[in-house]
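Engineer: Below is one structure. I have some questions about it.
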Amino acid sequence: MNSSNRLDNLVQRVRHALAEAFGVQPSALVAAPGRVNLIGEHTDYNDGFVLPAAIDRHVVMAVHPRQDDLVRLYACDMQASSSFRLGEIVKDDQHTWSNYQRGVAWALQQEGYDLIGMDVALSSDVPIAAGLSSSAAIELATAMAFQTVSGLELDGVARAQLCQKAENEFVGMRCGIMDQYVISMGQRDHALLIDCRSLTYQAVPIPVGCQVIICNTNKPRALVGSAYNQRRLECETGARQMGVVALRDLTPDDLATHAPSLDAIVLKRCRHVITENQRVLETVDALPQGDLARVGALMNASHVSLRDDYEVSCAELDAMVEAAWDQPGVWGARMTGAGFGGCTVNLVDADHAAAFAREIAPRYQKRTNLEPDIYVCRAEQGVRVL
Ligand code: GLA
């Protein structure tokens with residue numbers, strides 16, 4: 001199924017569900033994409049550089065305003081409901097999926113925005129728990145829904161920051177800004193170079209003739225929350241010991257100078273982040289020149305660094321990446337997202353894309369006994385009202 005058919009299906013589904021569940025027609029339809037990160041992993045919370053793209057897999061919401069402060073949610077894919085009052089937002093321990101919507105409402109109100117209640121039906125084809133930011137897509141769709149229904153003035157960066165605040169302070173995951181930023185601001189056929197310190201970006205075209213292919217290991221992500229927070233702490237320790245605000249402020253030479261005084265684990269974590277920032281900037285130089293061999297080599301080096309220094313890969317991610325490295329027409333392959341399972345991202349010559357998608361699955365399956373999913377993707381626009 002192509003991407004516009006997939007989106008149409010989701011729209012029909014949520015329209016129908018809104019009528020069935022709440023007896024109303026939508027006043028607005030909102031779509032927020034998932035995301036894939038081409039390079040720049042675990043750099044965002046170190047004030048560094050990332051190069052993600054929004055992808056043509058979406059969370060879609062049909063919304064209808066209410067006269068009171070009630071928010072009623074119906075999740076089509078789970079056939080589950082949850083509701084809350086804007087005047088009294090607490091976590092729902094039973095329907096944990098609704099904590100993203102609750103968190104966004106909470107964060108908007110914390111910033112002083114006046115919200116009105118709404119009825120919402122949602123459905124998604126962003127794979128869940130696969131490292132493609134299905135939860136950030138829900139956050140951004142929710143923010144856009146409130147923005148539309150309540151008539152709020154909110155620019156794309158502010159919207160991303162509010163959604164990050166919801167995730168950090170309400171949901172309790174200390175993520176960086178990358179996912180929310182690119183889902184808010186993504187551009188079709190482009191990746192975004194985001195400076196996570198200044199929160200500015202540059203749109204970088206994905207060269208014609210190469211295809212972004214995502215391979216889902218279908219290894220459920222484990223330990224991701226605790227290990228993620230632990231990595232953050234190790235980076236903060238390194239920055240403090242080297243006397244800088246964030247690892248963004250250091251070069252590999254600086255690190256070499258400080259290396260003897262650092263704990264071995266902290267040194268490895270810092271080496272990943274500092275070299276990864278450099279790889280992002282080199283990628284952004286090489287892409288417009290069409291130097292895909294260089295881009296691919298940088299992606300491969302990123303994987304090795306995440307595997308050996310940052311230690312966030314796993315056997316299944318390594319198997320998928322190694323299977324890709326052996327395929328003809330593959331420029332580069334690496335794990336993408338937080339790690340410990342989830343997906344890999346592959347930059348593949350367009351003429352080899354179909355063969356790649358066909359061949360990689362049995363090779364991976366032979367090594368792991370897991371059946372993978374393969375998504376041939378297009379870089380997509382960020383959150384929008386349809
Ligand atoms: C998760 C987080 C992001 C980022 C990546 C790793 O996706 O939500 O902020 O830190 O992991 O690059």
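So you can find residues: chains in the structure tokens are A, B, ... in the order shown, residues in each start at 1, and ligands are numbered from 1 in order.
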Check every protein, DNA and RNA residue against ligand 1, keep those with an atom at most 7 Å away (counting only C-alpha atoms and all ligand atoms), and present them as a ChimeraX atom specification.

Structural biologist: /A:40-45,131,133,175-179,337-338

Engineer: Write out as CSV the residues of range 45-121 of chain A that have any atom within 7 Å of an atom of range 378-385 of chain A, one row each with the nearest atom pair and its distance in Å to one decimal, counting only C-alpha atoms, sorted by chain and then rising number.

Structural biologist:
```
residue,atom,partner,partner_atom,distance
A:Ala53,CA,A:Ala379,CA,5.7
A:Ala54,CA,A:Glu380,CA,5.1
A:Ile55,CA,A:Ala379,CA,4.8
A:Asp56,CA,A:Glu380,CA,5.4
```

Engineer: Store the residues of this selection in a file with C-alpha atoms, as a short mmCIF file (atom, residue, chain, number, x, y, z; two decimals), in the first residue's frame.

Structural biologist:
```
data_model
loop_
_atom_site.label_atom_id
_atom_site.label_comp_id
_atom_site.auth_asym_id
_atom_site.auth_seq_id
_atom_site.Cartn_x
_atom_site.Cartn_y
_atom_site.Cartn_z
CA ALA A 53 13.55 12.85 9.07
CA ALA A 54 9.81 12.53 9.61
CA ILE A 55 8.46 9.40 7.84
CA ASP A 56 5.30 8.51 5.96
#
```

Engineer: Determine, for each residue of range 105-211 of chain A having at least one atom at most 9 Å from an atom of range 284-303 of chain A, the closest pair of atoms and their separation in Å to one decimal, counting only C-alpha atoms; order by chain and ascending number, as a tab-separated table.

Structural biologist:
```
residue	atom	partner	partner_atom	distance
A:Leu193	CA	A:Val284	CA	7.5
A:Val204	CA	A:Val284	CA	7.2
A:Pro205	CA	A:Pro288	CA	7.3
A:Ile206	CA	A:Leu287	CA	7.5
A:Pro207	CA	A:Gly290	CA	6.6
A:Cys210	CA	A:Leu292	CA	8.6
```

Engineer: Which residues come within 8 Å of range 220-237 of chain A, counting only C-alpha atoms, excluding same-chain residues fewer than 4 positions away, as a list in words?

Structural biologist: Tyr45, Asn46, Ala129, Ala130, Met173, Arg174, Gln241, Ala246, Leu247, Ile265, Val266, Arg269, Cys270, Tyr310, Ala338, Gly339, Phe340, Gly341 and Gly342 of chain A

Engineer: From range 125-354 of chain A, collect each residue whose DSSP state is helix (DSSP H, G or I) and return the set as a ChimeraX atom specification.

Structural biologist: /A:134-150,156-171,178-185,224-241,247-249,252-261,264-286,292-308,315-325,350-354

Engineer: Could you check which of A:Val71, A:Ala333, A:Ala19, A:Cys76 is closest to Glu88 in chain A, using only C-alpha atoms?

Structural biologist: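 Of all the options, A:Val71 lies closest to Glu88 in chain A.
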
Engineer: In range 139-349 of chain A, what's strand (DSSP E) per DSSP? Answer as a VMD selection string?

Structural biologist: chain A and resid 190 to 195 200 to 205 210 to 216 330 to 336 343 to 349

Engineer: Pick out the residues sitting within 8 Å of Thr217 in chain A, and hand them over as a PDB file with N, CA and C atoms, in the first residue's frame; count only C-alpha atoms, and ignore anything fewer than 6 positions along from it in its own chain.

Structural biologist:
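Below is the file result-v7.pdb, written as the result:
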```pdb
ATOM      1  N   GLU A 316      20.317  -8.512  18.034  1.00  0.00           N
ATOM      2  CA  GLU A 316      19.389  -8.449  16.892  1.00  0.00           C
ATOM      3  C   GLU A 316      19.687  -7.236  16.012  1.00  0.00           C
ATOM      4  N   LEU A 317      19.964  -6.087  16.621  1.00  0.00           N
ATOM      5  CA  LEU A 317      20.313  -4.899  15.823  1.00  0.00           C
ATOM      6  C   LEU A 317      21.610  -5.152  15.060  1.00  0.00           C
ATOM      7  N   MET A 320      20.967  -7.410  12.081  1.00  0.00           N
ATOM      8  CA  MET A 320      20.278  -6.730  10.975  1.00  0.00           C
ATOM      9  C   MET A 320      21.247  -5.813  10.219  1.00  0.00           C
ATOM     10  N   GLY A 341      17.098  -2.811  20.834  1.00  0.00           N
ATOM     11  CA  GLY A 341      15.975  -3.364  20.069  1.00  0.00           C
ATOM     12  C   GLY A 341      15.439  -2.270  19.173  1.00  0.00           C
ATOM     13  N   GLY A 342      14.314  -2.549  18.516  1.00  0.00           N
ATOM     14  CA  GLY A 342      13.760  -1.547  17.614  1.00  0.00           C
ATOM     15  C   GLY A 342      14.309  -1.697  16.209  1.00  0.00           C
ATOM     16  N   CYS A 343      14.642  -0.581  15.570  1.00  0.00           N
ATOM     17  CA  CYS A 343      14.878  -0.571  14.122  1.00  0.00           C
ATOM     18  C   CYS A 343      16.298  -0.190  13.727  1.00  0.00           C
ATOM     19  N   THR A 344      16.626  -0.553  12.458  1.00  0.00           N
ATOM     20  CA  THR A 344      17.833  -0.036  11.819  1.00  0.00           C
ATOM     21  C   THR A 344      17.404   0.889  10.681  1.00  0.00           C
ATOM     22  N   LEU A 370      13.763 -14.459  14.343  1.00  0.00           N
ATOM     23  CA  LEU A 370      12.701 -13.456  14.465  1.00  0.00           C
ATOM     24  C   LEU A 370      12.322 -12.993  13.069  1.00  0.00           C
ATOM     25  N   GLU A 371      11.027 -12.786  12.860  1.00  0.00           N
ATOM     26  CA  GLU A 371      10.578 -12.291  11.551  1.00  0.00           C
ATOM     27  C   GLU A 371      10.593 -10.764  11.586  1.00  0.00           C
ATOM     28  N   PRO A 372      11.350 -10.128  10.712  1.00  0.00           N
ATOM     29  CA  PRO A 372      11.426  -8.659  10.765  1.00  0.00           C
ATOM     30  C   PRO A 372      10.316  -8.018   9.925  1.00  0.00           C
ATOM     31  N   ASP A 373      10.137  -6.716  10.082  1.00  0.00           N
ATOM     32  CA  ASP A 373       9.289  -5.938   9.165  1.00  0.00           C
ATOM     33  C   ASP A 373      10.170  -4.930   8.458  1.00  0.00           C
TER      34      ASP A 373
END
```

Engineer: List as a list in words the protein and nucleic acid residues near Ile374 in chain A, meaning an atom at most 8 Å away when only C-alpha atoms are counted, but skip any in the same chain fewer than 4 places from it.

Structural biologist: Ile213, Ile214, Cys215, Asn216, Ala357 and Ala361 of chain A
